[in-house]
>>> print(open('target-v1.csv').read())   # CSV, C-alpha atoms and all ligand atoms
chain,number,residue,atom,x,y,z
A,1,MET,CA,29.2,-13.8,60.5
A,2,PRO,CA,31.3,-16.9,61.2
A,3,ASP,CA,29.6,-20.0,62.8
A,4,LEU,CA,29.5,-20.4,66.6
A,5,HIS,CA,32.2,-23.1,66.6
A,6,PHE,CA,34.7,-20.4,65.5
A,7,THR,CA,33.3,-17.5,67.6
A,8,HIS,CA,32.5,-19.1,70.9
A,9,PRO,CA,35.6,-19.2,73.2
A,10,ARG,CA,34.7,-22.6,74.6
A,11,LEU,CA,34.2,-24.1,71.1
A,12,ALA,CA,37.2,-22.4,69.5
A,13,ALA,CA,39.3,-23.9,72.4
A,14,VAL,CA,38.4,-27.4,71.3
A,15,TYR,CA,38.5,-26.8,67.5
A,16,ASP,CA,42.0,-28.3,67.0
A,17,VAL,CA,41.3,-31.5,68.9
A,18,VAL,CA,37.9,-32.0,67.2
A,19,ASP,CA,39.4,-31.2,63.7
A,20,GLY,CA,42.0,-33.9,64.2
A,21,GLU,CA,45.3,-34.5,62.4
A,22,ARG,CA,46.2,-31.8,59.8
A,23,SER,CA,48.5,-33.3,57.2
A,24,ASP,CA,46.7,-30.9,54.8
A,25,LEU,CA,48.6,-28.0,56.3
A,26,LEU,CA,52.0,-29.7,55.7
A,27,ALA,CA,51.0,-29.9,52.0
A,28,TYR,CA,50.4,-26.1,52.1
A,29,LEU,CA,53.8,-25.5,53.8
A,30,SER,CA,55.6,-27.6,51.2
A,31,LEU,CA,53.8,-25.8,48.4
A,32,ALA,CA,55.0,-22.4,49.9
A,33,GLY,CA,58.5,-23.9,49.7
A,34,GLU,CA,57.9,-25.1,46.1
A,35,LEU,CA,56.7,-21.6,45.1
A,36,GLY,CA,59.7,-20.0,47.0
A,37,ALA,CA,57.3,-17.7,49.0
A,38,THR,CA,58.9,-15.5,51.6
A,39,SER,CA,55.6,-13.8,52.6
A,40,LEU,CA,52.1,-15.2,53.2
A,41,PHE,CA,48.6,-13.9,53.8
A,42,ASP,CA,46.3,-16.5,55.4
A,43,ILE,CA,42.6,-15.6,54.9
A,44,GLY,CA,40.3,-17.3,57.4
A,45,CYS,CA,43.3,-18.4,59.6
A,46,GLY,CA,41.1,-19.8,62.4
A,47,THR,CA,43.2,-21.1,65.2
A,48,GLY,CA,46.3,-20.3,63.3
A,49,SER,CA,48.0,-23.6,62.7
A,50,LEU,CA,49.2,-22.8,59.2
A,51,ALA,CA,50.1,-19.2,60.1
A,52,CYS,CA,52.2,-20.2,63.1
A,53,GLY,CA,53.8,-23.1,61.2
A,54,ALA,CA,54.7,-20.9,58.3
A,55,ALA,CA,56.1,-18.1,60.6
A,56,THR,CA,58.2,-20.7,62.4
A,57,ALA,CA,59.6,-21.8,59.0
A,58,GLY,CA,60.8,-18.2,58.4
A,59,ILE,CA,57.9,-16.8,56.3
A,60,ALA,CA,56.6,-13.3,57.1
A,61,VAL,CA,52.9,-14.0,57.9
A,62,THR,CA,49.8,-11.9,58.1
A,63,ALA,CA,46.7,-13.8,59.1
A,64,VAL,CA,43.1,-12.6,59.3
A,65,ASP,CA,39.9,-14.1,60.6
A,66,PRO,CA,36.6,-12.4,61.8
A,67,ALA,CA,36.3,-14.9,64.7
A,68,ALA,CA,38.1,-13.2,67.7
A,69,ALA,CA,37.9,-16.4,69.8
A,70,SER,CA,39.7,-18.5,67.2
A,71,VAL,CA,42.4,-15.8,66.8
A,72,GLU,CA,42.8,-15.8,70.6
A,73,VAL,CA,43.6,-19.5,70.4
A,74,ALA,CA,46.1,-18.9,67.6
A,75,ARG,CA,47.9,-16.2,69.6
A,76,ALA,CA,48.8,-18.7,72.2
A,77,LYS,CA,50.6,-21.1,69.8
A,78,ALA,CA,54.3,-21.4,69.3
A,79,GLY,CA,55.4,-19.1,66.5
A,80,ALA,CA,52.4,-16.7,67.0
A,81,GLU,CA,54.7,-13.9,68.2
A,82,LYS,CA,56.0,-13.7,64.7
A,83,VAL,CA,52.6,-13.5,63.0
A,84,ARG,CA,50.7,-10.3,62.4
A,85,PHE,CA,47.1,-11.4,63.4
A,86,ILE,CA,44.1,-9.3,62.4
A,87,VAL,CA,40.6,-9.8,63.7
A,88,GLY,CA,38.2,-8.9,60.8
A,89,PRO,CA,37.2,-9.7,57.3
A,90,ALA,CA,39.9,-10.3,54.7
A,91,GLY,CA,40.0,-6.7,53.4
A,92,ALA,CA,40.9,-5.5,56.9
A,93,ALA,CA,44.5,-6.6,56.2
A,94,LEU,CA,44.9,-4.3,53.1
A,95,PRO,CA,47.1,-2.7,52.0
A,96,LEU,CA,49.5,-5.7,51.8
A,97,GLU,CA,52.1,-7.0,49.5
A,98,VAL,CA,52.8,-10.8,49.7
A,99,GLU,CA,54.0,-13.6,47.5
A,100,LEU,CA,51.4,-16.1,48.6
A,101,VAL,CA,47.8,-16.0,49.8
A,102,THR,CA,46.2,-19.1,51.3
A,103,MET,CA,42.8,-20.3,52.3
A,104,THR,CA,43.1,-23.6,54.1
A,105,GLY,CA,40.5,-25.9,55.7
A,106,ASN,CA,37.9,-25.2,52.9
A,107,VAL,CA,37.6,-21.5,53.9
A,108,ALA,CA,36.6,-20.9,50.3
A,109,GLN,CA,33.2,-22.6,51.0
A,110,VAL,CA,32.2,-20.2,53.8
A,111,PHE,CA,31.6,-17.4,51.2
A,112,LEU,CA,28.0,-18.2,50.3
A,113,GLY,CA,27.1,-15.4,47.9
A,114,ASP,CA,28.9,-14.8,44.5
A,115,GLU,CA,29.4,-11.2,45.5
A,116,GLU,CA,31.1,-12.2,48.7
A,117,TRP,CA,33.3,-14.8,46.9
A,118,SER,CA,34.4,-12.3,44.2
A,119,GLU,CA,35.1,-9.8,46.9
A,120,VAL,CA,37.5,-12.1,48.7
A,121,LEU,CA,39.2,-13.1,45.5
A,122,GLY,CA,39.6,-9.3,44.8
A,123,VAL,CA,41.3,-8.9,48.2
A,124,ALA,CA,43.6,-11.8,47.5
A,125,HIS,CA,44.5,-10.2,44.1
A,126,GLN,CA,45.2,-6.8,45.6
A,127,ALA,CA,47.4,-8.4,48.4
A,128,LEU,CA,49.6,-10.2,45.9
A,129,THR,CA,52.7,-8.9,44.2
A,130,PRO,CA,52.7,-9.6,40.4
A,131,GLY,CA,53.7,-13.2,39.9
A,132,GLY,CA,52.4,-14.1,43.4
A,133,HIS,CA,50.1,-17.1,44.0
A,134,LEU,CA,46.7,-17.7,45.6
A,135,VAL,CA,46.3,-21.3,46.8
A,136,PHE,CA,43.0,-22.7,48.2
A,137,GLU,CA,41.0,-25.9,48.3
A,138,SER,CA,37.3,-26.6,47.9
A,139,ARG,CA,35.3,-29.9,48.3
A,140,GLN,CA,34.1,-31.3,45.0
A,141,PRO,CA,30.3,-31.4,45.0
A,142,GLU,CA,30.4,-34.6,42.9
A,143,ALA,CA,31.9,-36.4,45.9
A,144,ARG,CA,28.8,-35.6,48.0
A,145,ALA,CA,31.0,-35.5,51.2
A,146,TRP,CA,27.9,-34.5,53.3
A,147,GLU,CA,26.5,-38.0,52.9
A,148,ALA,CA,29.0,-39.1,55.5
A,149,TRP,CA,28.6,-36.1,57.8
A,150,THR,CA,26.1,-37.4,60.3
A,151,THR,CA,28.4,-38.5,63.1
A,152,ARG,CA,28.7,-38.7,66.9
A,153,GLU,CA,32.2,-38.8,68.5
A,154,ARG,CA,33.7,-38.2,71.9
A,155,PHE,CA,37.0,-36.2,72.3
A,156,GLU,CA,39.3,-35.8,75.2
A,157,THR,CA,40.4,-32.2,75.4
A,158,ALA,CA,42.2,-29.9,77.8
A,159,ALA,CA,38.7,-28.8,78.9
A,160,GLY,CA,37.6,-32.4,79.6
A,161,ALA,CA,35.6,-34.8,77.5
A,162,VAL,CA,33.4,-33.4,74.8
A,163,GLU,CA,30.8,-35.3,72.8
A,164,VAL,CA,30.3,-33.8,69.3
A,165,SER,CA,27.4,-34.8,67.1
A,166,ARG,CA,26.7,-33.5,63.6
A,167,GLU,CA,23.6,-33.7,61.6
A,168,VAL,CA,23.0,-32.5,58.0
A,169,THR,CA,19.9,-30.3,58.0
A,170,ALA,CA,19.5,-29.3,54.4
A,171,VAL,CA,21.0,-30.1,51.0
A,172,LYS,CA,20.0,-27.4,48.5
A,173,LEU,CA,22.9,-27.4,46.2
A,174,PRO,CA,25.2,-25.5,46.0
A,175,PHE,CA,24.4,-25.1,49.7
A,176,VAL,CA,24.7,-27.7,52.4
A,177,SER,CA,23.6,-26.9,56.0
A,178,PHE,CA,24.4,-28.9,59.1
A,179,LEU,CA,24.1,-28.5,62.9
A,180,THR,CA,27.0,-29.5,65.2
A,181,THR,CA,26.2,-30.1,68.8
A,182,TYR,CA,28.9,-30.0,71.5
A,183,ARG,CA,28.2,-31.5,75.0
A,184,PHE,CA,30.8,-30.8,77.6
A,185,GLU,CA,30.8,-33.7,80.1
A,186,GLU,CA,32.5,-31.6,82.8
A,187,ASP,CA,29.4,-29.4,83.4
A,188,GLY,CA,26.8,-30.7,81.0
A,189,ALA,CA,26.9,-27.5,78.9
A,190,VAL,CA,25.4,-27.9,75.4
A,191,LEU,CA,26.3,-25.6,72.6
A,192,CYS,CA,24.9,-25.9,69.0
A,193,SER,CA,26.6,-24.4,65.9
A,194,ALA,CA,24.6,-24.1,62.7
A,195,SER,CA,26.7,-24.0,59.4
A,196,THR,CA,26.1,-23.6,55.7
A,197,LEU,CA,28.8,-24.2,53.1
A,198,CYS,CA,28.7,-23.5,49.4
A,199,PHE,CA,29.9,-26.3,47.1
A,200,ARG,CA,31.1,-24.6,43.9
A,201,ASP,CA,32.2,-26.9,41.1
A,202,ARG,CA,35.5,-26.7,39.4
A,203,GLN,CA,34.2,-24.8,36.4
A,204,GLU,CA,32.6,-22.1,38.6
A,205,LEU,CA,35.7,-21.7,40.7
A,206,GLU,CA,37.9,-21.4,37.6
A,207,ALA,CA,35.5,-18.8,36.1
A,208,GLY,CA,35.6,-16.8,39.4
A,209,LEU,CA,39.4,-16.8,39.4
A,210,ALA,CA,39.6,-15.7,35.8
A,211,ALA,CA,37.1,-12.9,36.4
A,212,ALA,CA,39.2,-11.7,39.4
A,213,GLY,CA,42.2,-11.4,37.1
A,214,PHE,CA,44.1,-14.7,38.0
A,215,ASP,CA,45.8,-17.1,35.7
A,216,ILE,CA,45.1,-20.7,36.8
A,217,GLU,CA,48.4,-22.5,37.0
A,218,GLU,CA,47.3,-25.9,38.3
A,219,VAL,CA,44.4,-27.7,39.8
A,220,ARG,CA,45.5,-30.6,42.0
A,221,GLU,CA,43.8,-33.3,44.0
A,222,ALA,CA,44.2,-32.6,47.7
A,223,PRO,CA,47.0,-35.0,48.7
A,224,ASP,CA,45.2,-36.0,51.9
A,225,ARG,CA,41.7,-36.2,50.4
A,226,PRO,CA,42.0,-37.4,46.8
A,227,GLY,CA,38.7,-37.5,44.9
A,228,LEU,CA,37.1,-35.3,47.5
A,229,GLU,CA,38.8,-31.9,47.3
A,230,LEU,CA,40.6,-29.9,44.7
A,231,VAL,CA,43.5,-27.5,45.4
A,232,PHE,CA,43.6,-24.5,43.1
A,233,ILE,CA,46.9,-22.7,42.4
A,234,ALA,CA,46.3,-19.4,40.7
A,235,ARG,CA,48.8,-16.6,39.8
A,236,ARG,CA,48.4,-12.9,39.7
A,237,PRO,CA,50.0,-12.1,36.3
A,301,LIG,C1,36.9,-24.4,58.6
A,301,LIG,S1,37.6,-23.0,59.4
A,301,LIG,C2,39.2,-23.1,58.7
A,301,LIG,C3,40.2,-22.4,59.6
A,301,LIG,C4,41.7,-22.5,59.2
A,301,LIG,N1,42.0,-22.0,57.9
A,301,LIG,C5,42.1,-24.0,59.2
A,301,LIG,O1,42.6,-24.5,58.2
A,301,LIG,O2,42.0,-24.6,60.3
A,301,LIG,C6,36.8,-21.7,58.5
A,301,LIG,C7,37.3,-20.3,59.0
A,301,LIG,O3,36.7,-19.3,58.1
A,301,LIG,C8,36.5,-18.1,58.9
A,301,LIG,N2,35.6,-17.2,58.3
A,301,LIG,C9,34.2,-17.2,58.3
A,301,LIG,N3,33.8,-16.2,57.6
A,301,LIG,C10,34.9,-15.5,57.1
A,301,LIG,C11,35.0,-14.3,56.3
A,301,LIG,N4,34.0,-13.6,55.9
A,301,LIG,N5,36.3,-13.9,56.0
A,301,LIG,C12,37.4,-14.6,56.5
A,301,LIG,N6,37.3,-15.7,57.2
A,301,LIG,C13,36.0,-16.2,57.5
A,301,LIG,C14,35.9,-18.7,60.2
A,301,LIG,O4,36.0,-17.8,61.3
A,301,LIG,C15,36.9,-19.9,60.4
A,301,LIG,O5,38.0,-19.6,61.2
>>> encode(input="target-v1.csv", output="structure tokens", more="lines below")
Ligand SMILES: C[S@@+](CC[C@H](N)C(=O)[O-])C[C@H]1O[C@@H](n2cnc3c(N)ncnc32)[C@H](O)[C@@H]1O
Amino acid sequence: MPDLHFTHPRLAAVYDVVDGERSDLLAYLSLAGELGATSLFDIGCGTGSLACGAATAGIAVTAVDPAAASVEVARAKAGAEKVRFIVGPAGAALPLEVELVTMTGNVAQVFLGDEEWSEVLGVAHQALTPGGHLVFESRQPEARAWEAWTTRERFETAAGAVEVSREVTAVKLPFVSFLTTYRFEEDGAVLCSASTLCFRDRQELEAGLAAAGFDIEEVREAPDRPGLELVFIARRP
């Protein structure tokens, strides 16, 4: 079950503003060009920024996310009319044949259990044509990003000003839990979203990919977050 900030219509509507500038997605688009991909399956597409950007660039895109409110936001974006959006888990998009599968925005970390993680890798593998690529990122546990996660910020959105505060509630590696509180100034509404992410290390992620039948072609530093995140480029043989 995705977190409230993806499933609540009011929170999904402010996700893009709160998430900020997304140069990470440009790196994925340029990687799609580098790999020569003409078709893409975006798992955990959220508000669809990558899906719509890739479709606008001429790539045939299927995008899936279980959070209907986020997909609703995605459907209103330029380029969305060219995307096949599906509300549901990754497997709901099968059968599928694509040259590239992506998981942007650290989607890989929402799969908490090993079984859940190997299942999504299996779906990616089934969706790819032989020689196709799976590309995703994951925060490196060594960088301890959560130590800088207690924040309070105010954002101007189309729905008025929103104050967003975040507090880390538990660190029991590989799991880190945090609570994000949204206060809408317009009517004083307060909504709290509780999250837990799994921080797998490079070795574990590589072992999971190999067990799912992938060859690992390259592991890069995330261009926008060097030292904090790794980008895995794996290939279905
Ligand atoms: C941090 S957001 C990233 C969204 C988008 N990829 C981006 O880069 O903005 C994580 C996304 O994972 C989705 N998610 C949560 N559980 C999922 C699951 N079991 N299968 C697929 N997506 C899931 C959430 O609904 C949310 O949209």
>>> residues_near_point(input="target-v1.csv", point="(27.9, -16.7, 46.0)", cutoff="12 Å", atoms="all atoms listed in the file", output="count of residues only")
24
>>> closest_residue(input="target-v1.csv", among="A:Val107, A:Ala76, A:Leu31, A:Leu26", to="ligand LIG 301 (chain A)", atoms="all atoms listed in the file")
A:Val107
>>> residues_near_ligand(input="target-v1.csv", ligand="ligand LIG 301 (chain A)", cutoff="10 Å", atoms="all atoms listed in the file", output="MDAnalysis selection string")
chainID A and resid 1:7 12 15:16 19 22 24:25 42:51 63:71 87:92 102:112 116:117 119:120 136 197
>>> residues_near_point(input="target-v1.csv", point="(36.4, -39.8, 70.2)", cutoff="12 Å", atoms="all atoms listed in the file", output="list in words")
Val17, Val18, Asp19, Gly20, Thr151, Arg152, Glu153, Arg154, Phe155, Glu156, Thr157, Ala161, Val162, Glu163, Val164 and Ser165 of chain A
>>> closest_atom_pairs(input="target-v1.csv", of="segment 105-145 of chain A", to="segment 216-236 of chain A", cutoff="8 Å", atoms="all atoms listed in the file", output="tab-separated table")
residue	atom	partner	partner_atom	distance
A:His125	CA	A:Arg236	CA	6.5
A:Leu128	CA	A:Arg236	CA	6.9
A:Thr129	CA	A:Arg236	CA	7.4
A:Pro130	CA	A:Arg236	CA	5.5
A:Gly131	CA	A:Arg236	CA	5.3
A:Gly132	CA	A:Arg236	CA	5.6
A:His133	CA	A:Arg235	CA	4.4
A:Leu134	CA	A:Ala234	CA	5.2
A:Val135	CA	A:Ile233	CA	4.7
A:Phe136	CA	A:Phe232	CA	5.4
A:Glu137	CA	A:Val231	CA	4.1
A:Ser138	CA	A:Glu229	CA	5.5
A:Arg139	CA	A:Glu229	CA	4.2
A:Gln140	CA	A:Glu229	CA	5.3
A:Ala143	CA	A:Leu228	CA	5.6
A:Ala145	CA	A:Leu228	CA	7.1
>>> atom_distance(input="target-v1.csv", atom1="atom CA of Arg84 of chain A", atom2="atom CA of Glu72 of chain A")
12.6 Å
>>> closest_residue(input="target-v1.csv", among="A:Ala207, A:Ala170, A:Ala212, A:Leu11", to="Ser193 of chain A", atoms="all atoms listed in the file")
A:Leu11
>>> closest_residue(input="target-v1.csv", among="A:Trp146, A:Cys192, A:Ser39, A:Tyr182", to="Ala127 of chain A", atoms="only C-alpha atoms")
A:Ser39
>>> closest_residue(input="target-v1.csv", among="A:Val190, A:Thr196, A:Leu96, A:Asp215", to="Arg10 of chain A", atoms="only C-alpha atoms")
A:Val190
>>> atom_distance(input="target-v1.csv", atom1="atom CA of Gly79 of chain A", atom2="atom CA of Leu40 of chain A")
14.2 Å
>>> residues_around(input="target-v1.csv", residues="Ala37 of chain A", least_positions_apart="4", cutoff="7 Å", atoms="all atoms listed in the file", output="number ranges by chain")
A: 32-33, 99-100
>>> atom_distance(input="target-v1.csv", atom1="atom CA of Ile59 of chain A", atom2="atom CA of Gly122 of chain A")
22.9 Å
>>> closest_residue(input="target-v1.csv", among="A:Gly188, A:Pro141, A:Pro237, A:Pro9", to="Ala74 of chain A", atoms="all atoms listed in the file")
A:Pro9
>>> closest_residue(input="target-v1.csv", among="A:Lys77, A:Lys172, A:Gln126, A:Phe178", to="Trp149 of chain A", atoms="only C-alpha atoms")
A:Phe178
>>> residues_around(input="target-v1.csv", residues="Ala60 of chain A", least_positions_apart="5", cutoff="8 Å", atoms="only C-alpha atoms", output="list in words")
Thr38, Ser39, Leu40, Ala54, Ala55, Lys82 and Val83 of chain A
